[in-house]
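Shown next, in structure tokens, is the structure this report addresses.
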Amino acid sequence: MDNEILKLEHVTKKYPGVVALDDVSIGFREGEVHAIAGENGAGKSTLIKIITGAVEATSGSLFYNGQELRNNTPEKTLNMGIAAIYQEFNLFPALTIAENIFHGRYPKKHGMIDRKTMMQEADKILQDLGINIKASEQVKNLSVGYQQLVEIAKSVTRDVKVLIMDEPSAPLTEVEVGHLFEIVERLKKRGVTIIYISHRLEEIFTICDRVSVFRDGKYIQTMDVSDTNVNELICIMVNRELGQQYPAKDYTKGEKVLEIRDLCTDLLDHVSLEAYRGEILGLAGLVGAGRTETARALFGADRYKQGEILINGESVRINSPSEGISHGIGLIPEDRKKEGLVLKLPIRHNISFAHLNAIKRGGIINMEKDREASERYIGQLAIKTPSCEQLAGQLSGGNQQKVVLAKWLFRDSDILIFDEPTRGIDVGAKQEIYRLMVDLVRQGKVLIMISSEMPELIGMSDRILVMHNGKVMGELQKEEFSQERILTLASGIEEDYSGENAG
Amino acid sequence: MKKHKIDLSRFGVIIAWIILIIVFAINNPAFLRSSNIFTILRQASIVGVCSVGMTFVILTGGMDLSVGSVIGVGCVGGAQMLSSGVPIPVAVLVILLMGAAAGTFNALMINQLGIAPIIMTLGTMTAMRGIAYLLCGGFAVYGIPESYKVIGQGYLGPIPVPVIIMAICFAFGWFILNRLNFGREIYGIGGNVEASRLTGVNVKKTIFKVYALAGTLYALAGLMLMARVNSGQPSSGEGYEMDVITGVVLGGVSINGGEGSILGVVVGVLLMSTLTNGMVLMDISEFWQKFVKGVVLILAVSLDRIVQKSKEKAV
């Protein structure tokens with residue numbers, strides 16, 4: 001094989017009861033951006049851990065620059081030029097960017113840290129990467145996106161040869177993703193090999209050269225990105241014909257349930273919208289356009305300054321989530337781990353949490369009723385778990401999302417707001433979520449969906465409102481949907497949307 | 001689905017406790033006599049009552065250092081009222097309300113100003129101790145009516161009254177945590193405040209209730225201590241915060257909140273009391289006792305961690 005910098009041969013990793021990697025052989029070429037694709041549980045994280053030395057393979061061997069690596073540790077691999085950036089950052093929030101970059105090997109002068117040189121060098125590194133911030137800034141003041149970039153800067157200074165990026169774009173805004181891609185390009189030009197893991201398949205086609213597919217711990221195949229397409233990739237990943245990616249919509253639009261008139265907050269500027277039964281209303285826009293803010297104000301998570309909310313024609317004032325909930329609104333938040341679930345508590349506890357009065361008997365919580373309720377939804381939504389006592393934190397992303405949904409279904413919420421419902425969820429689970437959403441519409445629920453994934457938004461919505469800078473820029477009916485149209489509106493190029501005549 | 005798994009993570013402390021009992025029993029057969037067992041329980045009772053309140057607080061992710069000083073004010077204030085002829089029920093009620101008020105004040109500052117609970121209650125701890133001394137001018141208050149002593153020294157059949165009070169408090173704590181919305185909210189807030197809020201929990205209200213309830217329980221402990229020592233000592237309850245926190249943490253309540261159970265705390269509290277009693281019977285000097293208690297805390301918690309880690313690996 002031509003100049004493979006890193007090679008795995010017949011690598012197997014067994015955990016008690018599970019084979020996480022099954023006889024995997026794979027090679028990475030020098031200076032390529034190599035994507036690893038696969039559903040959750042396909043073995044991607046185990047692969048990374050074996051390469052970095054975080055875990056030891058049960059059998060098989062690992063070659064780096066033609067040399068076999070034995071008794072690997074993360075420290076050893078790092079010194080040899082293999083670095084990984086994980087979803088959870090390893091940064092010190094209270095220290096400056098420069099200190100983070102040079103942590104553990106500060107430039108010294110007379111035995112003391114030479115702050116001046118350190119700052120200068122750090123600034124230079126940031127500049128080289130095209131990152132426009134000062135190295136003296138404290139990391140805690142940076143957005144998640146910039147923190148990510150600091151992580152990259154950190155590994156770059158170590159003269160890495162192989163950089164592993166695990167879901168680097170997941171927390172980033174679109175602008176930041178653009179930045180990330182630029183940096184990936186720069187690194188590639190320097191001859192760095194990048195192993196890129198992402199659930200967002202479009203990204204693979206944007207920046208990767210080759211893609212390797214894993215399934216159930218097995219290596220399936222490697223393809224040149226130019227020789228394949230998203231659909232084929234998905235088919236190989238899930239090994240089944242997915243057919244229609246979005247479920248058929250056999251429902252019809254019903255009566256108006258929700259109306260928002262001139263909602264204003266610090267970030268929202270006279271937002272008005274209507275939502276109907278038998279319809280999925282999509283909210284499009286770039287990050288910061290005000291979609292999540294609209295949802296949160298409606299739900300009662302944030303206060304609104306002015307405006308009116310009508311539910312079933314009745315004007316209501318919503319000041320707190322509990323008021324929103326009692327008006328039949330349920331929010332499936334963007335960040336389910338932080339806002340949707342109590343990870344330390346069992347599924348059971350999470351599902352009944354919004355409706356504790358329903359699991360009571362004689363004023364006292366009844367464990368039987370609690371368990372029954374959870375098990376009903378575990379069955380209905382096909383939540384994969386050994387029992388309802390499983391901690392929510394131990395579930396996969398898709399199943400966690402289902403638990404959040406179950407919480408609102410048990411509360412019998414009428415208006416469901418899905419904020420980025422499939423973020424970080426693998427392809428198979430995504431389709432399940434789509435199917436559940438369509439089922440809910442069929443059952444007469446009112447659905448509002450916020451999504452930054454354009455295909456998903458277009459595929460799932462029946463009507464789309466496009467927002468920009470806290471304002472509603474336009475409304476598109478199903479037949480008018482197009483990526484270009486949405487993007488133009490979302491970037492604020494077109495004039496304000498004024499009333500009904502924009503259809 | 002009737003299979004109830006035993007929670008292995010609590011084994012460490014239970015094993016430590018059993019080992020202690022065996023060691024002490026071998027060393028001195030008097031240790032296992034029923035009169036001594038009741039002594040252990042009675043000695044545990046005051047810390048036990050407080051530990052229920054502390055468990056609530058720590059489960060929400062908070063901390064309450066004011067416990068010992070609330071006991072102190074309860075002791076002195078209660079003794080003063082009783083010795084000046086205030087009827088027992090009135091005095092008891094006033095002291096319990098005082099405890100609730102102290103807790104409410106803590107919660108108010110924590111909620112409205114966002115002061116860290118450990119700092120806020122450090123302040124009330126110091127200020128309340130001052131109040132205890134100011135109330136009595138630094139002198140112990142005597143003259144408590146005979147009939148009141150029942151709370152601290154009486155027996156119901158063979159069982160000391162304080163032990164019964166402790167048992168009721170534990171049962172009450174278990175009931176709240178497992179059978180009421182309030183309990184679910186406590187676990188929810190400790191596990192994830194924001195998710196709980198977005199699930200409709202009124203976080204501030206719950207925090208208020210938790211600290212007020214905890215304060216009330218500390219005041220109750222103060223009333224028990226006053227009956228036990230038959231006087232109102234301004235220094236009473238000093239250092240109790242450490243005993244109470246030790247018991248709760250030994251019992252497996254996570255200092256980060258959201259994890260732990262009353263049953264664990266019962267074991268934690270009893271273990272500490274067993275240890276003290278056994279060492280006294282063995283005639284171990286008080287200096288060594290302190291040292292050993294600290295070591296036991298570290299050992300028991302380490303054992304827990306080891307069991308938990310091996311459990312995580314097995315998953």
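In the structure tokens, chains take the letters A, B, ... in the order shown, each chain's residues start at 1, and ligands count up from 1 in the order shown.
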Original post:
Near chain B, which residues of chain A fall within 8 Å when you count only C-alpha atoms, and what do they look like as a ChimeraX atom specification?
Top reply: /A:16,301,320-323,325,331,338-345,349,353-354,356-357,363-366
Serialized selection, N, CA, C and O atoms, as an mmCIF file, in the first residue's frame:
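Below is the file again.cif, written as the result:
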```
data_model
loop_
_atom_site.group_PDB
_atom_site.id
_atom_site.type_symbol
_atom_site.label_atom_id
_atom_site.label_comp_id
_atom_site.auth_asym_id
_atom_site.auth_seq_id
_atom_site.Cartn_x
_atom_site.Cartn_y
_atom_site.Cartn_z
ATOM 1 N N PRO A 16 -16.266 -7.571 28.250
ATOM 2 C CA PRO A 16 -17.108 -8.664 28.760
ATOM 3 C C PRO A 16 -18.474 -8.653 28.069
ATOM 4 O O PRO A 16 -19.210 -7.687 28.157
ATOM 5 N N ALA A 301 -39.582 29.266 29.185
ATOM 6 C CA ALA A 301 -38.221 29.125 29.703
ATOM 7 C C ALA A 301 -37.542 30.486 29.813
ATOM 8 O O ALA A 301 -36.725 30.710 30.690
ATOM 9 N N SER A 320 -43.492 30.855 33.063
ATOM 10 C CA SER A 320 -42.524 29.865 33.527
ATOM 11 C C SER A 320 -42.784 28.566 32.780
ATOM 12 O O SER A 320 -43.871 28.375 32.239
ATOM 13 N N PRO A 321 -41.784 27.691 32.767
ATOM 14 C CA PRO A 321 -42.012 26.408 32.086
ATOM 15 C C PRO A 321 -43.240 25.687 32.641
ATOM 16 O O PRO A 321 -43.994 25.083 31.870
ATOM 17 N N SER A 322 -43.468 25.776 33.959
ATOM 18 C CA SER A 322 -44.598 25.021 34.484
ATOM 19 C C SER A 322 -45.915 25.567 33.933
ATOM 20 O O SER A 322 -46.861 24.813 33.718
ATOM 21 N N GLU A 323 -45.951 26.890 33.663
ATOM 22 C CA GLU A 323 -47.159 27.438 33.045
ATOM 23 C C GLU A 323 -47.282 26.995 31.593
ATOM 24 O O GLU A 323 -48.366 26.656 31.126
ATOM 25 N N ILE A 325 -46.151 24.268 30.378
ATOM 26 C CA ILE A 325 -46.522 22.858 30.410
ATOM 27 C C ILE A 325 -48.015 22.712 30.680
ATOM 28 O O ILE A 325 -48.709 21.926 30.035
ATOM 29 N N LEU A 331 -41.374 20.983 25.403
ATOM 30 C CA LEU A 331 -40.164 21.375 24.676
ATOM 31 C C LEU A 331 -39.162 20.230 24.689
ATOM 32 O O LEU A 331 -38.760 19.769 25.753
ATOM 33 N N LYS A 338 -28.200 18.427 28.759
ATOM 34 C CA LYS A 338 -28.177 19.529 29.719
ATOM 35 C C LYS A 338 -29.573 19.987 30.097
ATOM 36 O O LYS A 338 -29.813 20.425 31.202
ATOM 37 N N GLU A 339 -30.508 19.920 29.121
ATOM 38 C CA GLU A 339 -31.800 20.551 29.363
ATOM 39 C C GLU A 339 -32.976 19.581 29.351
ATOM 40 O O GLU A 339 -34.055 19.926 29.801
ATOM 41 N N GLY A 340 -32.750 18.400 28.820
ATOM 42 C CA GLY A 340 -33.896 17.513 28.646
ATOM 43 C C GLY A 340 -34.005 16.416 29.679
ATOM 44 O O GLY A 340 -35.094 15.978 30.026
ATOM 45 N N LEU A 341 -32.868 15.969 30.181
ATOM 46 C CA LEU A 341 -32.888 14.781 31.025
ATOM 47 C C LEU A 341 -32.091 14.995 32.303
ATOM 48 O O LEU A 341 -31.185 15.805 32.342
ATOM 49 N N VAL A 342 -32.446 14.227 33.319
ATOM 50 C CA VAL A 342 -31.584 14.129 34.480
ATOM 51 C C VAL A 342 -30.844 12.804 34.305
ATOM 52 O O VAL A 342 -31.397 11.737 34.516
ATOM 53 N N LEU A 343 -29.601 12.894 33.844
ATOM 54 C CA LEU A 343 -28.881 11.696 33.412
ATOM 55 C C LEU A 343 -28.630 10.704 34.540
ATOM 56 O O LEU A 343 -28.548 9.512 34.319
ATOM 57 N N LYS A 344 -28.517 11.225 35.769
ATOM 58 C CA LYS A 344 -28.203 10.350 36.901
ATOM 59 C C LYS A 344 -29.403 9.545 37.352
ATOM 60 O O LYS A 344 -29.270 8.695 38.204
ATOM 61 N N LEU A 345 -30.583 9.914 36.874
ATOM 62 C CA LEU A 345 -31.778 9.247 37.367
ATOM 63 C C LEU A 345 -32.282 8.227 36.355
ATOM 64 O O LEU A 345 -32.011 8.322 35.165
ATOM 65 N N HIS A 349 -37.934 7.639 36.285
ATOM 66 C CA HIS A 349 -38.004 8.929 36.960
ATOM 67 C C HIS A 349 -38.114 10.064 35.941
ATOM 68 O O HIS A 349 -38.865 11.017 36.114
ATOM 69 N N PHE A 353 -41.498 12.598 35.276
ATOM 70 C CA PHE A 353 -41.079 13.809 35.975
ATOM 71 C C PHE A 353 -41.993 15.009 35.709
ATOM 72 O O PHE A 353 -42.211 15.840 36.585
ATOM 73 N N ALA A 354 -42.547 15.091 34.498
ATOM 74 C CA ALA A 354 -43.377 16.255 34.192
ATOM 75 C C ALA A 354 -44.826 16.046 34.604
ATOM 76 O O ALA A 354 -45.652 16.936 34.483
ATOM 77 N N LEU A 356 -46.016 14.044 37.666
ATOM 78 C CA LEU A 356 -45.958 13.187 38.850
ATOM 79 C C LEU A 356 -47.342 12.899 39.410
ATOM 80 O O LEU A 356 -47.582 11.832 39.972
ATOM 81 N N ASN A 357 -48.264 13.845 39.238
ATOM 82 C CA ASN A 357 -49.592 13.621 39.803
ATOM 83 C C ASN A 357 -50.295 12.427 39.166
ATOM 84 O O ASN A 357 -51.205 11.861 39.747
ATOM 85 N N GLY A 363 -52.638 10.469 46.782
ATOM 86 C CA GLY A 363 -51.704 11.542 47.107
ATOM 87 C C GLY A 363 -50.264 11.099 47.233
ATOM 88 O O GLY A 363 -49.382 11.895 47.501
ATOM 89 N N ILE A 364 -50.032 9.798 47.059
ATOM 90 C CA ILE A 364 -48.684 9.273 47.257
ATOM 91 C C ILE A 364 -48.218 8.613 45.968
ATOM 92 O O ILE A 364 -48.996 7.951 45.281
ATOM 93 N N ILE A 365 -46.952 8.834 45.645
ATOM 94 C CA ILE A 365 -46.419 8.237 44.424
ATOM 95 C C ILE A 365 -46.463 6.715 44.527
ATOM 96 O O ILE A 365 -46.038 6.132 45.518
ATOM 97 N N ASN A 366 -47.016 6.127 43.470
ATOM 98 C CA ASN A 366 -47.184 4.683 43.456
ATOM 99 C C ASN A 366 -46.179 4.070 42.480
ATOM 100 O O ASN A 366 -46.205 4.365 41.289
#
```
**OP:** Would you mind listing what lies within 10 Å of Met81 (chain B) as an NGL selection string, with only C-alpha atoms counted and same-chain residues fewer than 2 positions away left out?
**Re:** :B and (76-79 or 83-88 or 90-92 or 94-95 or 141 or 144)
**OP:** Name the closest residue to Ile26 (chain B) among the candidates B:Leu135, B:Met282, B:Leu299, B:Leu41; distances are taken between atoms, counting only C-alpha atoms.
**Re:**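 Among B:Leu135, B:Met282, B:Leu299, B:Leu41, it is B:Met282 that comes nearest to Ile26 (chain B).
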**OP:** Would you kindly return, as an MDAnalysis selection string, each protein, DNA or RNA residue with an atom no farther than 9 Å from any atom of Met449 (chain A), considering only C-alpha atoms and excluding same-chain residues fewer than 3 positions away?
**Re:** chainID A and resid 280:284 416:421 457 460:461
Original post:
What does the distance from CA of Ser387 (chain A) to CA of Leu436 (chain A) come to in Å, to one decimal?
Top reply: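 Here the two named atoms are 21.1 Å from each other.
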Subject >> Among the residues B:Ser261, B:Ser285, B:Ser302, B:Thr274, the one that comes closest to Trp17 (chain B) [using only C-alpha atoms] >> reply: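 Between B:Ser261, B:Ser285, B:Ser302, B:Thr274, the residue approaching Trp17 (chain B) most closely is B:Thr274.
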Subject >> Close residues, Val211 (chain A) itself excluded, 10 Å, only C-alpha atoms, min 5 positions apart in chain, as an NGL selection string >> reply: :A and (33-37 or 195-197 or 204-205 or 221-226 or 228 or 233)
Keeping only C-alpha atoms, write those residues as a PDB file, in the first residue's frame.
```pdb
ATOM      1  CA  VAL A  33      -8.682  13.354   5.462  1.00  0.00           C
ATOM      2  CA  HIS A  34     -10.181   9.999   6.212  1.00  0.00           C
ATOM      3  CA  ALA A  35     -13.732   9.768   7.489  1.00  0.00           C
ATOM      4  CA  ILE A  36     -14.998   6.989   9.703  1.00  0.00           C
ATOM      5  CA  ALA A  37     -18.707   6.440   9.304  1.00  0.00           C
ATOM      6  CA  ILE A 195      -9.230  10.916  10.909  1.00  0.00           C
ATOM      7  CA  TYR A 196     -12.612  12.543  10.872  1.00  0.00           C
ATOM      8  CA  ILE A 197     -15.664  11.191  12.636  1.00  0.00           C
ATOM      9  CA  ILE A 204     -17.786  13.903   4.874  1.00  0.00           C
ATOM     10  CA  PHE A 205     -18.481  14.776   1.271  1.00  0.00           C
ATOM     11  CA  GLN A 221     -15.111  -1.070   3.309  1.00  0.00           C
ATOM     12  CA  THR A 222     -13.205   2.054   2.354  1.00  0.00           C
ATOM     13  CA  MET A 223     -14.240   4.205  -0.576  1.00  0.00           C
ATOM     14  CA  ASP A 224     -13.019   7.329  -2.273  1.00  0.00           C
ATOM     15  CA  VAL A 225     -15.547   9.990  -1.413  1.00  0.00           C
ATOM     16  CA  SER A 226     -15.756  10.959  -5.070  1.00  0.00           C
ATOM     17  CA  THR A 228     -19.956   7.381  -3.647  1.00  0.00           C
ATOM     18  CA  LEU A 233     -23.105   5.518   2.289  1.00  0.00           C
TER      19      LEU A 233
END
```
Original post:
Please, which residues of region 157-344 of chain A, numbered as in this document, come out helix (DSSP H, G or I) from DSSP, as a ChimeraX atom specification?
Top reply: /A:157,174-189,201-207,225-227,230-238,291-299,321-326,336-340
**OP:** Tell me which protein, DNA and RNA residues are within 6 Å of region 289-297 of chain A, counting only C-alpha atoms, leaving out same-chain ones fewer than 6 positions away, and put them as number ranges by chain.
**Re:** A: 303-304, 467-470
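Across the model, the gap from CA of Asp302 (chain A) to CA of Arg277 (chain A) is 25.0 Å.
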Subject >> Residues flagged strand (DSSP E or B) by DSSP in region 255-297 of chain A, as a PyMOL selection string >> reply: chain A and resi 256-264+271-276+280-284
With N, CA and C atoms kept, could you save the residues just selected as an mmCIF file, in the first residue's frame?
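Ended up saving to out.cif:
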```cif
data_model
loop_
_atom_site.group_PDB
_atom_site.id
_atom_site.type_symbol
_atom_site.label_atom_id
_atom_site.label_comp_id
_atom_site.auth_asym_id
_atom_site.auth_seq_id
_atom_site.Cartn_x
_atom_site.Cartn_y
_atom_site.Cartn_z
ATOM 1 N N LYS A 256 -56.407 25.728 13.616
ATOM 2 C CA LYS A 256 -55.318 26.486 14.227
ATOM 3 C C LYS A 256 -55.348 26.281 15.744
ATOM 4 N N VAL A 257 -54.219 25.980 16.323
ATOM 5 C CA VAL A 257 -54.167 25.759 17.766
ATOM 6 C C VAL A 257 -53.367 26.859 18.455
ATOM 7 N N LEU A 258 -52.284 27.242 17.812
ATOM 8 C CA LEU A 258 -51.379 28.190 18.463
ATOM 9 C C LEU A 258 -51.185 29.417 17.589
ATOM 10 N N GLU A 259 -51.225 30.555 18.225
ATOM 11 C CA GLU A 259 -50.888 31.772 17.494
ATOM 12 C C GLU A 259 -50.011 32.649 18.371
ATOM 13 N N ILE A 260 -48.928 33.111 17.791
ATOM 14 C CA ILE A 260 -48.064 34.046 18.512
ATOM 15 C C ILE A 260 -48.133 35.373 17.766
ATOM 16 N N ARG A 261 -48.370 36.442 18.495
ATOM 17 C CA ARG A 261 -48.458 37.759 17.857
ATOM 18 C C ARG A 261 -47.410 38.694 18.435
ATOM 19 N N ASP A 262 -46.557 39.180 17.566
ATOM 20 C CA ASP A 262 -45.598 40.241 17.925
ATOM 21 C C ASP A 262 -44.809 39.954 19.198
ATOM 22 N N LEU A 263 -44.258 38.786 19.273
ATOM 23 C CA LEU A 263 -43.483 38.415 20.454
ATOM 24 C C LEU A 263 -42.136 39.138 20.433
ATOM 25 N N CYS A 264 -41.817 39.803 21.528
ATOM 26 C CA CYS A 264 -40.540 40.516 21.604
ATOM 27 C C CYS A 264 -39.773 40.121 22.856
ATOM 28 N N VAL A 271 -42.021 38.731 16.577
ATOM 29 C CA VAL A 271 -42.186 37.436 15.920
ATOM 30 C C VAL A 271 -43.649 37.011 15.987
ATOM 31 N N SER A 272 -44.208 36.669 14.839
ATOM 32 C CA SER A 272 -45.572 36.153 14.804
ATOM 33 C C SER A 272 -45.566 34.828 14.077
ATOM 34 N N LEU A 273 -46.352 33.898 14.577
ATOM 35 C CA LEU A 273 -46.487 32.636 13.849
ATOM 36 C C LEU A 273 -47.784 31.954 14.239
ATOM 37 N N GLU A 274 -48.188 31.013 13.389
ATOM 38 C CA GLU A 274 -49.391 30.226 13.653
ATOM 39 C C GLU A 274 -49.032 28.765 13.476
ATOM 40 N N ALA A 275 -49.612 27.921 14.312
ATOM 41 C CA ALA A 275 -49.361 26.492 14.149
ATOM 42 C C ALA A 275 -50.691 25.747 14.172
ATOM 43 N N TYR A 276 -50.762 24.729 13.337
ATOM 44 C CA TYR A 276 -52.016 24.004 13.142
ATOM 45 C C TYR A 276 -51.859 22.538 13.486
ATOM 46 N N ILE A 280 -46.512 19.907 10.340
ATOM 47 C CA ILE A 280 -45.245 20.178 11.024
ATOM 48 C C ILE A 280 -44.768 21.540 10.546
ATOM 49 N N LEU A 281 -44.643 22.456 11.489
ATOM 50 C CA LEU A 281 -44.154 23.786 11.152
ATOM 51 C C LEU A 281 -42.648 23.797 11.370
ATOM 52 N N GLY A 282 -41.911 24.083 10.316
ATOM 53 C CA GLY A 282 -40.456 24.132 10.441
ATOM 54 C C GLY A 282 -39.987 25.550 10.679
ATOM 55 N N LEU A 283 -38.997 25.708 11.557
ATOM 56 C CA LEU A 283 -38.382 27.020 11.746
ATOM 57 C C LEU A 283 -36.960 26.946 11.206
ATOM 58 N N ALA A 284 -36.693 27.741 10.178
ATOM 59 C CA ALA A 284 -35.362 27.725 9.579
ATOM 60 C C ALA A 284 -34.625 28.993 9.967
#
```
Subject >> Test item: residues at most 10 Å from Lys44 (chain A), only C-alpha atoms, excluding those fewer than 3 positions along its chain, as an NGL selection string >> reply: :A and (20-21 or 36-41 or 47-49 or 166 or 197 or 213-219)
**OP:** Write out as a ChimeraX atom specification the residues lying within 12 Å of Val249 (chain B), counting only C-alpha atoms and excluding same-chain residues fewer than 3 positions away.
**Re:** /B:10,13,51-52,54-55,58-59,63,241-246,252-257,259-262,264-269,271-272,297-298,300-302,304
Original post:
What gap, in Å, lies between CA of Ile131 (chain B) and CA of Gln43 (chain B)?
Top reply: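 Between these atoms lies a distance of 26.2 Å.
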